[in-house]
Each structure stands twice: as C-alpha cells, then as structure tokens.
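See below for target26.txt, which holds compact mmCIF, C-alpha atoms and all ligand atoms.
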```txt
# COMPACT_ATOMS: atom_id res chain seq x y z
CA MET A 1 0.00 0.00 0.00
CA LEU A 2 1.31 3.45 -0.83
CA LYS A 3 1.82 5.67 2.17
CA ARG A 4 2.01 9.41 2.65
CA ALA A 5 5.46 10.69 3.49
CA LYS A 6 6.07 11.34 7.19
CA ILE A 7 8.05 14.50 7.83
CA SER A 8 9.22 15.38 11.33
CA VAL A 9 10.30 18.87 12.24
CA ILE A 10 12.46 19.06 15.37
CA GLY A 11 12.21 22.46 17.03
CA ALA A 12 8.76 24.02 16.73
CA GLY A 13 9.92 27.62 16.97
CA ASN A 14 9.69 30.25 14.26
CA ILE A 15 11.37 28.27 11.50
CA GLY A 16 10.03 24.89 12.61
CA GLY A 17 6.45 26.16 12.82
CA GLU A 18 6.63 27.87 9.42
CA CYS A 19 8.23 24.77 7.84
CA ALA A 20 5.36 22.68 9.20
CA ARG A 21 2.84 25.14 7.76
CA GLN A 22 4.39 25.13 4.30
CA ILE A 23 4.77 21.34 4.27
CA ALA A 24 1.10 20.89 5.18
CA PHE A 25 -0.15 23.54 2.75
CA LYS A 26 1.81 21.89 -0.06
CA GLU A 27 0.54 18.45 1.00
CA LEU A 28 4.04 17.03 1.08
CA GLY A 29 3.11 14.56 3.82
CA ASP A 30 2.05 14.16 7.43
CA VAL A 31 3.92 16.43 9.82
CA VAL A 32 5.16 15.82 13.34
CA LEU A 33 6.32 18.90 15.22
CA LEU A 34 8.59 18.14 18.17
CA ASP A 35 9.92 20.50 20.81
CA ILE A 36 10.91 20.41 24.47
CA PRO A 37 8.71 21.40 27.43
CA ASN A 38 8.88 24.98 28.67
CA LYS A 39 10.60 24.77 32.07
CA ASP A 40 9.02 28.01 33.31
CA LYS A 41 5.51 27.09 32.18
CA PRO A 42 5.15 23.32 32.45
CA GLU A 43 1.39 23.57 31.87
CA LEU A 44 1.98 24.56 28.23
CA HIS A 45 2.39 22.23 25.25
CA MET A 46 3.56 24.54 22.47
CA PRO A 47 4.11 21.95 19.69
CA ARG A 48 0.68 20.46 20.26
CA GLY A 49 -0.87 23.93 20.22
CA LYS A 50 0.85 24.88 16.97
CA ALA A 51 -0.11 21.58 15.38
CA LEU A 52 -3.75 21.99 16.38
CA ASP A 53 -3.88 25.53 15.03
CA LEU A 54 -2.24 24.42 11.77
CA ALA A 55 -4.42 21.33 11.33
CA CYS A 56 -7.50 23.57 11.43
CA CYS A 57 -6.31 25.37 8.27
CA GLY A 58 -7.02 22.13 6.37
CA PRO A 59 -10.63 22.86 5.39
CA VAL A 60 -9.69 26.35 4.20
CA GLU A 61 -6.50 25.44 2.40
CA ASN A 62 -7.82 22.06 1.24
CA PHE A 63 -4.95 19.94 2.39
CA ASP A 64 -4.99 16.40 3.68
CA ALA A 65 -2.07 16.14 6.03
CA ARG A 66 -2.08 14.99 9.62
CA VAL A 67 -0.27 17.55 11.75
CA THR A 68 0.67 16.53 15.28
CA GLY A 69 2.74 18.10 18.04
CA THR A 70 4.76 16.23 20.62
CA PHE A 71 7.51 16.21 23.24
CA GLU A 72 8.20 12.51 22.61
CA TYR A 73 10.73 11.14 20.13
CA GLU A 74 8.74 7.90 19.73
CA ASP A 75 6.34 9.98 17.65
CA ILE A 76 8.92 10.61 14.92
CA LYS A 77 9.22 6.83 14.42
CA ASP A 78 9.95 5.84 10.82
CA SER A 79 9.94 9.40 9.47
CA ASP A 80 10.98 9.69 5.85
CA VAL A 81 12.44 13.16 6.31
CA VAL A 82 13.57 14.91 9.50
CA VAL A 83 14.17 18.66 9.53
CA ILE A 84 16.30 19.86 12.45
CA THR A 85 15.62 23.45 13.46
CA ALA A 86 16.27 22.98 17.18
CA GLY A 87 18.76 25.37 18.64
CA LEU A 88 19.30 28.78 20.08
CA PRO A 89 19.67 31.83 17.91
CA ARG A 90 22.78 33.89 18.69
CA ARG A 91 21.99 36.34 21.48
CA PRO A 92 23.72 39.64 22.23
CA GLY A 93 26.90 38.99 24.17
CA MET A 94 27.09 35.38 22.99
CA SER A 95 30.31 34.52 21.19
CA ARG A 96 30.40 32.29 18.14
CA ASP A 97 32.03 29.58 20.26
CA ASP A 98 29.32 29.82 22.94
CA LEU A 99 26.71 29.31 20.24
CA ILE A 100 28.61 26.35 18.81
CA GLN A 101 28.84 24.75 22.23
CA VAL A 102 25.14 25.11 23.03
CA ASN A 103 23.82 24.17 19.60
CA THR A 104 26.21 21.25 19.19
CA GLY A 105 24.81 19.85 22.44
CA ILE A 106 21.26 20.28 21.16
CA VAL A 107 21.90 18.89 17.66
CA LYS A 108 23.83 15.98 19.16
CA ASN A 109 20.89 15.04 21.36
CA VAL A 110 18.39 15.43 18.51
CA SER A 111 20.56 13.37 16.15
CA MET A 112 20.90 10.50 18.66
CA ASN A 113 17.12 10.31 18.75
CA VAL A 114 16.80 10.53 14.97
CA LYS A 115 19.23 7.62 14.66
CA LYS A 116 17.19 5.62 17.15
CA TYR A 117 13.66 6.35 15.95
CA ALA A 118 14.02 7.27 12.28
CA PRO A 119 17.07 5.29 11.13
CA ASN A 120 16.13 5.41 7.46
CA SER A 121 15.28 9.08 7.30
CA ILE A 122 16.83 11.83 5.23
CA VAL A 123 17.97 14.66 7.51
CA ILE A 124 17.97 18.35 6.66
CA VAL A 125 19.74 20.53 9.23
CA VAL A 126 18.79 24.18 9.59
CA SER A 127 20.28 25.00 13.02
CA ASN A 128 23.20 27.42 13.06
CA PRO A 129 26.11 27.63 12.66
CA LEU A 130 24.86 25.52 9.79
CA ASP A 131 28.07 24.16 8.29
CA ALA A 132 29.15 22.84 11.69
CA MET A 133 25.74 21.58 12.82
CA VAL A 134 25.24 19.44 9.73
CA TYR A 135 28.65 17.89 10.41
CA VAL A 136 27.52 17.05 13.96
CA ALA A 137 24.28 15.47 12.67
CA TRP A 138 26.25 13.37 10.17
CA LYS A 139 28.73 12.16 12.79
CA GLU A 140 26.11 11.47 15.44
CA THR A 141 23.58 9.65 13.25
CA GLY A 142 26.27 7.74 11.38
CA PHE A 143 23.99 7.98 8.34
CA PRO A 144 25.51 7.83 4.85
CA ALA A 145 26.44 11.34 3.75
CA SER A 146 23.81 11.22 1.01
CA ARG A 147 21.13 11.24 3.75
CA VAL A 148 22.41 14.26 5.68
CA MET A 149 22.44 17.80 4.33
CA GLY A 150 22.13 21.39 5.44
CA GLN A 151 19.87 24.20 4.32
CA ALA A 152 21.65 27.47 3.62
CA GLY A 153 22.17 27.80 -0.11
CA ALA A 154 18.47 27.54 -0.93
CA LEU A 155 17.86 30.60 1.27
CA ASP A 156 20.88 32.56 0.10
CA VAL A 157 19.98 31.90 -3.55
CA ALA A 158 16.37 32.95 -2.91
CA ARG A 159 17.56 36.26 -1.45
CA TYR A 160 20.00 36.79 -4.32
CA LYS A 161 17.30 36.15 -6.93
CA THR A 162 14.83 38.41 -5.14
CA PHE A 163 17.20 41.38 -5.15
CA LEU A 164 18.16 40.80 -8.79
CA ALA A 165 14.49 40.57 -9.80
CA TRP A 166 13.76 43.87 -8.03
CA GLU A 167 16.72 45.52 -9.72
CA LEU A 168 15.73 44.21 -13.16
CA GLY A 169 11.98 44.66 -12.78
CA VAL A 170 11.33 41.06 -13.87
CA SER A 171 9.71 38.05 -12.23
CA ALA A 172 11.98 36.29 -9.73
CA GLU A 173 10.84 33.05 -11.38
CA ASP A 174 12.86 33.92 -14.46
CA ILE A 175 16.18 34.35 -12.67
CA GLN A 176 18.56 31.41 -12.68
CA GLY A 177 21.46 31.61 -10.33
CA LEU A 178 23.65 29.78 -7.91
CA LEU A 179 25.70 30.58 -4.83
CA LEU A 180 28.11 28.14 -3.27
CA GLY A 181 30.23 27.83 -0.15
CA GLY A 182 29.26 28.61 3.43
CA HIS A 183 26.20 30.46 4.65
CA GLY A 184 25.79 34.27 4.56
CA ASP A 185 29.11 36.12 4.63
CA ASP A 186 30.88 33.02 3.44
CA MET A 187 28.86 32.53 0.28
CA VAL A 188 30.60 32.33 -3.07
CA PRO A 189 28.81 34.43 -5.69
CA LEU A 190 28.77 33.20 -9.28
CA PRO A 191 27.43 36.14 -11.30
CA ARG A 192 29.04 34.66 -14.41
CA ARG A 193 26.55 31.84 -14.16
CA THR A 194 23.49 33.94 -13.35
CA SER A 195 20.95 34.66 -16.06
CA VAL A 196 17.45 35.82 -16.87
CA ASN A 197 16.13 32.87 -18.83
CA GLY A 198 19.56 32.32 -20.31
CA ILE A 199 20.44 36.00 -20.86
CA PRO A 200 23.59 36.62 -18.77
CA ILE A 201 22.92 39.27 -16.11
CA SER A 202 26.18 40.95 -17.06
CA ASP A 203 24.36 41.94 -20.30
CA LEU A 204 21.56 43.53 -18.28
CA LEU A 205 23.14 45.07 -15.17
CA SER A 206 26.37 46.88 -14.37
CA ALA A 207 28.99 45.07 -12.30
CA ASP A 208 28.26 47.49 -9.42
CA LYS A 209 24.57 46.70 -9.41
CA ILE A 210 25.22 42.95 -9.55
CA ASN A 211 27.68 43.31 -6.72
CA ALA A 212 25.18 45.26 -4.64
CA CYS A 213 22.67 42.39 -5.01
CA VAL A 214 25.33 39.86 -4.00
CA GLU A 215 26.29 41.91 -0.95
CA ARG A 216 22.66 42.39 0.09
CA ALA A 217 22.05 38.63 -0.20
CA LYS A 218 25.15 37.98 1.91
CA ALA A 219 23.94 40.34 4.61
CA GLY A 220 20.26 39.39 4.15
CA GLY A 221 20.00 37.63 7.51
CA GLY A 222 21.47 40.60 9.37
CA GLU A 223 19.19 43.06 7.56
CA VAL A 224 16.13 41.19 8.83
CA VAL A 225 17.52 40.99 12.37
CA LYS A 226 18.06 44.76 12.39
CA LEU A 227 14.45 45.32 11.34
CA MET A 228 12.72 42.75 13.54
CA GLY A 229 15.12 42.21 16.43
CA THR A 230 15.06 38.50 15.70
CA SER A 231 16.17 36.26 12.86
CA ALA A 232 14.19 35.49 9.73
CA TRP A 233 11.85 32.56 9.37
CA TYR A 234 9.68 32.83 6.22
CA ALA A 235 12.47 32.61 3.66
CA PRO A 236 14.60 30.11 5.65
CA SER A 237 11.53 27.90 5.84
CA ALA A 238 10.74 28.34 2.13
CA GLY A 239 14.31 27.25 1.30
CA THR A 240 14.03 24.25 3.59
CA VAL A 241 10.65 23.17 2.23
CA GLU A 242 11.96 23.50 -1.32
CA MET A 243 14.48 20.79 -0.34
CA VAL A 244 11.84 18.66 1.41
CA GLU A 245 9.65 18.82 -1.69
CA ALA A 246 12.51 17.83 -4.01
CA ILE A 247 13.08 14.76 -1.82
CA VAL A 248 9.53 13.56 -1.16
CA ARG A 249 8.45 14.13 -4.76
CA ASP A 250 11.77 12.71 -6.07
CA LYS A 251 12.11 15.75 -8.30
CA LYS A 252 15.90 15.66 -8.89
CA ARG A 253 15.93 19.42 -8.34
CA VAL A 254 19.34 21.08 -8.45
CA ILE A 255 19.51 23.05 -5.20
CA ALA A 256 22.53 24.58 -3.49
CA SER A 257 22.76 22.57 -0.27
CA ALA A 258 25.42 21.92 2.35
CA ALA A 259 26.56 18.46 1.27
CA TYR A 260 29.47 16.24 2.21
CA CYS A 261 32.43 16.93 -0.06
CA GLU A 262 35.93 15.52 -0.37
CA ASP A 263 37.40 16.01 -3.83
CA GLU A 264 34.50 18.21 -4.97
CA PHE A 265 35.60 21.83 -5.50
CA GLY A 266 38.86 21.04 -3.70
CA VAL A 267 37.23 20.71 -0.26
CA ALA A 268 39.39 17.88 1.11
CA PRO A 269 41.13 16.26 -1.87
CA GLY A 270 41.91 12.58 -1.43
CA GLN A 271 40.94 12.62 2.27
CA LYS A 272 38.59 9.67 2.47
CA GLY A 273 36.08 10.08 5.29
CA LYS A 274 37.62 13.40 6.36
CA GLY A 275 35.53 15.73 4.25
CA TYR A 276 33.31 18.68 5.19
CA PHE A 277 29.80 19.92 4.48
CA VAL A 278 29.94 22.86 2.11
CA GLY A 279 27.29 24.53 -0.04
CA VAL A 280 27.41 22.95 -3.49
CA PRO A 281 24.87 22.26 -6.27
CA CYS A 282 23.13 19.02 -5.39
CA VAL A 283 20.65 16.84 -7.22
CA LEU A 284 18.00 16.23 -4.54
CA GLY A 285 15.61 13.32 -4.88
CA ALA A 286 14.26 10.29 -3.05
CA GLY A 287 17.82 9.23 -2.22
CA GLY A 288 18.65 12.57 -0.58
CA VAL A 289 21.77 14.12 -2.09
CA GLU A 290 21.85 11.86 -5.13
CA ARG A 291 24.70 13.68 -6.83
CA ILE A 292 26.88 16.74 -6.44
CA ILE A 293 27.31 18.67 -9.66
CA THR A 294 30.85 19.92 -10.07
CA PHE A 295 32.26 22.27 -12.65
CA LYS A 296 35.47 24.14 -13.19
CA MET A 297 35.54 27.46 -11.40
CA ASP A 298 37.59 30.37 -12.63
CA GLU A 299 40.42 31.68 -10.49
CA THR A 300 38.38 34.28 -8.60
CA GLU A 301 35.53 31.86 -7.91
CA GLN A 302 37.94 29.21 -6.65
CA LYS A 303 39.67 31.80 -4.45
CA PHE A 304 36.33 32.72 -2.81
CA MET A 305 35.51 29.02 -2.50
CA ASN A 306 38.84 28.27 -0.80
CA GLU A 307 38.23 31.05 1.72
CA SER A 308 34.76 29.73 2.38
CA ILE A 309 36.06 26.17 2.82
CA SER A 310 38.67 27.37 5.26
CA HIS A 311 35.99 29.11 7.37
CA VAL A 312 33.94 25.90 7.41
CA LYS A 313 37.04 23.99 8.54
CA ASP A 314 37.63 26.54 11.33
CA LEU A 315 34.06 26.09 12.58
CA VAL A 316 34.32 22.30 12.54
CA ALA A 317 37.70 22.54 14.30
CA VAL A 318 35.97 24.34 17.19
CA VAL A 319 33.37 21.53 17.37
CA LYS A 320 36.10 18.88 17.32
CA LYS A 321 37.98 20.64 20.10
CA MET A 322 34.90 20.92 22.32
CA PHE A 323 33.57 17.47 21.43
CA PRO A 324 36.61 15.23 20.85
CA GLU A 325 34.34 12.32 19.85
CA TYR A 326 33.83 14.12 16.51
CA ALA A 327 37.57 14.46 15.79
N1 LIG B 1 15.12 19.57 21.26
C1 LIG B 1 14.09 20.05 20.54
N2 LIG B 1 13.87 21.36 20.38
C2 LIG B 1 14.69 22.21 20.99
C3 LIG B 1 15.78 21.79 21.76
C4 LIG B 1 15.99 20.39 21.89
N3 LIG B 1 16.99 19.90 22.59
N4 LIG B 1 16.43 22.88 22.23
C5 LIG B 1 15.76 23.96 21.77
N5 LIG B 1 14.71 23.56 21.02
C6 LIG B 1 13.69 24.36 20.38
C7 LIG B 1 13.30 25.60 21.18
O1 LIG B 1 12.45 25.25 22.26
C8 LIG B 1 12.63 26.46 20.11
O2 LIG B 1 11.22 26.25 20.08
O3 LIG B 1 14.16 24.90 19.14
C9 LIG B 1 13.25 25.97 18.80
C10 LIG B 1 14.04 27.05 18.09
O4 LIG B 1 13.13 28.00 17.67
P1 LIG B 1 13.41 29.58 17.67
O5 LIG B 1 14.09 29.96 18.95
O6 LIG B 1 12.15 30.25 17.27
O7 LIG B 1 14.53 29.73 16.54
P2 LIG B 1 14.31 29.77 14.96
O8 LIG B 1 14.24 31.16 14.50
O9 LIG B 1 13.24 28.82 14.58
O10 LIG B 1 15.73 29.20 14.48
C11 LIG B 1 16.09 27.84 14.73
O11 LIG B 1 17.65 27.75 12.91
O12 LIG B 1 18.48 29.37 11.44
C12 LIG B 1 18.70 28.66 12.63
O13 LIG B 1 20.00 30.24 13.93
C13 LIG B 1 18.76 29.58 13.84
O14 LIG B 1 19.75 27.85 15.19
C14 LIG B 1 18.55 28.57 14.94
C15 LIG B 1 17.52 27.61 14.31
```
When written as structure tokens, how does the structure in this file appear?
Ligand code: APR
Amino acid sequence: MLKRAKISVIGAGNIGGECARQIAFKELGDVVLLDIPNKDKPELHMPRGKALDLACCGPVENFDARVTGTFEYEDIKDSDVVVITAGLPRRPGMSRDDLIQVNTGIVKNVSMNVKKYAPNSIVIVVSNPLDAMVYVAWKETGFPASRVMGQAGALDVARYKTFLAWELGVSAEDIQGLLLGGHGDDMVPLPRRTSVNGIPISDLLSADKINACVERAKAGGGEVVKLMGTSAWYAPSAGTVEMVEAIVRDKKRVIASAAYCEDEFGVAPGQKGKGYFVGVPCVLGAGGVERIITFKMDETEQKFMNESISHVKDLVAVVKKMFPEYA
C-alpha cells in the first residue's frame, strides 16, 4: 500500500512552525512537530498547540495532512524526512564559540534520537552555525552522507534572486542563479553563471549593481535581524521546504545545499572520510543528495571558495575541540 510521506520537524519555533505550515499547505506529507517542554511554564504544550492551530487550516487550504505536536521522540518513528531546526539563535553577548557549544549539544541530542527512531530518514539541518551543525548530525547519526544535508544555499539563492528581480523589474521566477560555499558572509557568488532565462545578467546590469545584489544577499539575515530584532523565518523555511519537496516528490531538483564533499571543488582532496559539508549544487531526490554537480571554477571563484572552505574547517575545528568524539 502506498503511504504518505512522514516529515518530522524538530524544534517548533519560528522556522520549525513555518516549515510545518508550508509542508502541510503543499501536502508534502504528514507532519510531526517536536519541541521540548517549557521549564518556566510546564502547563503549556507549544508543539501540540501549533499543530492543532495548523491542522485547522485544512478545510480552508484544502490539504490532507495529519499535523501533530509532541515532546516525545517515539512519535517521529519511521519518518521519511527529519528537519532539524532545534537550537538557540545567537543572542547579544554570545560569542560564536558559545553558540557552537550550546547548539552542538542540542543537535547531538536530537541526532541521537533521529538515529534511534528514524534510522532510514533523510535529515535536513537548519540550526546554526549551519556548516558545523550538519557535520555534527552526520557524525552522530552515522547515516551515509547522502542522507544528511544542510539548508543554507536555498535561502541565500532565494535572497540573491529576489534582489536581482527587483533591480531588473522582472519576475523572480525567471532568474537562474547559484551561490556556493558557506552560509551568509561566506557565500561564493557566481554572477558569471546567473541569467534571466539564459540571458547573462552581465548583459543587463552593471557590475556594481550585480555586486550590490550579492552583498545584500550575503547580509540578508542581518538586515532582517536589524528590522525585527530577531532572525528570519519565512524565507529560511521556504528554502528548507523546497528541499523537502525535491526529496519527497523525487524531483531531482538542483539546489545549493550543504553536502558532504571531499574532492569536490577542492574541499578535502583525497581525504577519504575526512571531508566537510559545504554549499554545493546538489541533485536532490528520493535518495537525498543523489549527486553533487561539479564544474570548473575560474580563479576568482575558486579563491572565494577556498576562503569559504577554510571558514567551514575553522568552525568544525571548534566543534572537534569541544567534542573530541567528533575528531
Ligand atoms: N530539542 C528540541 N527542540 C529544541 C531543543 C531540543 N533539545 N532545544 C531547543 N529547542 C527548540 C526551542 O524550544 C525552540 O522552540 O528549538 C526551537 C528554536 O526555535 P526559535 O528559537 O524560534 O529559533 P528559529 O528562528 O526557529 O531558528 C532555529 O535555525 O536558522 C537557525 O539560527 C537559527 O539555530 C537557529 C535555528
């Protein structure tokens, strides 16, 4: 008998809740929202409340998806896809290393449970710092690298395309573009490979204008934080759900995702089992990251990529130092 996909979202905060909404509205499968109890208000059950509220959109939005909320990992049993959004956002006064320490602890605990209850799932990590957290999830679950990936590129590319579309006065749908490398500041722009339905953007915009769009995409997260006092959730969720959809519908979409690389783009050449998760173009389908598409970069692109790779390695080095089991 054919079954609906089961998609569990760990962390029912801003991104987790919005991911659940988009997954249900697109009828990608049944959704389980998992979070932890609120220590200060033990009478509350936030994931169950969000799930109930969301489920009641069904008759209006015409979707058939079961949406449930839970504190119990048993409920994610046999999930096809698990999205990990659990973690703290960086707070004022918190150093990068403090954030790594706290979120590594959280993602470690989540991943142990994913391994136990959803051993055949495909895992998409959203928690920050992304390039390090996806590494932790890979190590802790022990899953093949094709079944563990991180969401960053889908969001960065969406921001990049949005700003280009505004600048050009055309539909964002007609922009094709790619960004590689780490998340945000660490992204590697590829304007040479960006087009409007095949027309190179360099034929349509000045180098300064293209560069301004790249820079705005890089700083896109910070721009939202400045405006709202908290980090974004609509676009990060849209990027994540784009990946979920590619997987559950076996679409073979080519989406920039943080995927495990060794030789690819010179990440860790010849270092079997000692690679890193870096944003690269991935074919996403029922098998997870089914293929990484590589191509020859020019000198400038490769230089940016090398810098990005070295930042990812620095982040992972901090994790390995704090958690020697991942060394
Ligand atoms: N298990 C499950 N959920 C947890 C755990 C845990 N061990 N620890 C924290 N959480 C939950 C929190 O209770 C909260 O509901 O994770 C949720 C995080 O939600 P928000 O604080 O709203 O953060 P959000 O904006 O959704 O971002 C989540 O994604 O982009 C990254 O930097 C961001 O790391 C952050 C994550």
* Asked: If we count all atoms listed in the file, what is near region 48-58 of chain A at a cut-off of 9 Å, once residues fewer than 6 positions away on the same chain are taken out, given as a PyMOL selection string?
  -> chain A and resi 12+17+20-21+24-25+31-34+64-71
Residues from the last selection, C-alpha atoms, saved as an mmCIF file, keeping the file's coordinate frame:
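Below is the file that was written, part20.cif:
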```cif
data_model
loop_
_atom_site.group_PDB
_atom_site.id
_atom_site.type_symbol
_atom_site.label_atom_id
_atom_site.label_comp_id
_atom_site.auth_asym_id
_atom_site.auth_seq_id
_atom_site.Cartn_x
_atom_site.Cartn_y
_atom_site.Cartn_z
ATOM 1 C CA ALA A 12 8.760 24.020 16.730
ATOM 2 C CA GLY A 17 6.450 26.160 12.820
ATOM 3 C CA ALA A 20 5.360 22.680 9.200
ATOM 4 C CA ARG A 21 2.840 25.140 7.760
ATOM 5 C CA ALA A 24 1.100 20.890 5.180
ATOM 6 C CA PHE A 25 -0.150 23.540 2.750
ATOM 7 C CA VAL A 31 3.920 16.430 9.820
ATOM 8 C CA VAL A 32 5.160 15.820 13.340
ATOM 9 C CA LEU A 33 6.320 18.900 15.220
ATOM 10 C CA LEU A 34 8.590 18.140 18.170
ATOM 11 C CA ASP A 64 -4.990 16.400 3.680
ATOM 12 C CA ALA A 65 -2.070 16.140 6.030
ATOM 13 C CA ARG A 66 -2.080 14.990 9.620
ATOM 14 C CA VAL A 67 -0.270 17.550 11.750
ATOM 15 C CA THR A 68 0.670 16.530 15.280
ATOM 16 C CA GLY A 69 2.740 18.100 18.040
ATOM 17 C CA THR A 70 4.760 16.230 20.620
ATOM 18 C CA PHE A 71 7.510 16.210 23.240
#
```
* Distance filter 6 Å around ligand LIG 1 (chain B), atoms: all atoms listed in the file, out as a ChimeraX atom specification -> /A:10-16,35-36,85-89,106,110,126-128,231,233
* Asked: What residues have an atom no more than 12 Å from (17.9, 39.6, -6.7) in the file's own frame, counting all atoms listed in the file, and can you write them as a ChimeraX atom specification?
  -> /A:156-178,191,194-196,201,205,209-218,220
* For Val283 (chain A), which residue out of A:Asn38, A:Ser237, A:Ser146, A:Gln151 is the nearest one, using all atoms listed in the file? ->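 Ranked by minimum distance to Val283 (chain A), first place goes to A:Ser146.
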* To do: Could you check how far CA of Gly221 (chain A) sits from CA of Glu307 (chain A), in Å to one decimal?
  =>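 These atoms are spaced 20.2 Å apart.
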* **Distance of CA of Gly279 (chain A) from CA of Asp185 (chain A), expressed in Å to one decimal place** =>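 Interatomic distance, CA of Asp185 (chain A) to CA of Gly279 (chain A): 12.6 Å.
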* Leaving out region 130-134 of chain A and any residue of its chain fewer than 2 positions from it, which residues lie within 6 Å of it when counting only C-alpha atoms, given as number ranges by chain? -> A: 125, 127-128, 136-137, 150, 277, 315-316
* Asked: Nearest to Met297 (chain A) among A:Leu190, A:Ile84, A:Met228, A:Leu44, with distances taken over all atoms listed in the file: which residue is it?
  -> A:Leu190
* Residues near Ala256 (chain A), cut-off 7 Å, only C-alpha atoms, skip fewer than 3 positions along chain, as a list of chain:residue names ->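 Final neighbour list, sorted by chain and number: A:Gly153, A:Ala154, A:Leu178, A:Leu179, A:Leu180, A:Gly279, A:Val280, A:Pro281, A:Cys282.
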Residues as selected, C-alpha atoms, written as a PDB file, in the coordinates of the input, can you do that?
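In the end it all went to again-v9.pdb:
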```
ATOM      1  CA  GLY A 153      22.170  27.800  -0.110  1.00  0.00           C
ATOM      2  CA  ALA A 154      18.470  27.540  -0.930  1.00  0.00           C
ATOM      3  CA  LEU A 178      23.650  29.780  -7.910  1.00  0.00           C
ATOM      4  CA  LEU A 179      25.700  30.580  -4.830  1.00  0.00           C
ATOM      5  CA  LEU A 180      28.110  28.140  -3.270  1.00  0.00           C
ATOM      6  CA  GLY A 279      27.290  24.530  -0.040  1.00  0.00           C
ATOM      7  CA  VAL A 280      27.410  22.950  -3.490  1.00  0.00           C
ATOM      8  CA  PRO A 281      24.870  22.260  -6.270  1.00  0.00           C
ATOM      9  CA  CYS A 282      23.130  19.020  -5.390  1.00  0.00           C
TER      10      CYS A 282
END
```
* Asked: What separation in Å, quoted to one decimal, exists between CA of Ser308 (chain A) and CA of Gly181 (chain A)?
  -> 5.5 Å
* To do: Show which residues sit within 9 Å of Ile7 (chain A), as a list in words. Count all atoms listed in the file, and ignore same-chain residues fewer than 4 positions away.
  => Ala20, Ile23, Leu28, Gly29, Asp30, Val31, Val32, Leu33, Ile76, Ser79, Asp80, Val81, Val82, Val83 and Val244 of chain A
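Ranking A:Met243, A:Ile309, A:Met322, A:Ala145 by their shortest atom-to-atom distance to Thr104 (chain A), with all atoms listed in the file included, puts A:Met322 first.
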* Asked: Which polymer residues have any atom within 10 Å of an atom of Val289 (chain A), counting only C-alpha atoms, with same-chain residues fewer than 6 positions away left out, as a list in words?
  ->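 With the cut-off at 10 Å, the set is Ile122, Ala145, Ser146, Arg147, Val148, Met149, Ile247, Lys252, Val254, Ile255, Ser257, Ala258, Ala259, Tyr260, Pro281, Cys282 and Val283 of chain A.
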* For Lys116 (chain A), which residue among A:Asp314, A:Asp78, A:Asp98, A:Asp40 is the nearest when counting all atoms listed in the file? ->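 Among the listed residues, A:Asp78 lies closest to Lys116 (chain A).
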* **Nearest to Gln22 (chain A), chosen from A:Gly287, A:Gly270, A:Pro236, A:Gly229, with only C-alpha atoms counted in the distances** =>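 Selected residue with least distance to Gln22 (chain A): A:Pro236.
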* Closest of A:Tyr276, A:Phe265, A:Tyr234, A:Tyr135 to Val319 (chain A) - atom-to-atom distances counting only C-alpha atoms -> A:Tyr135
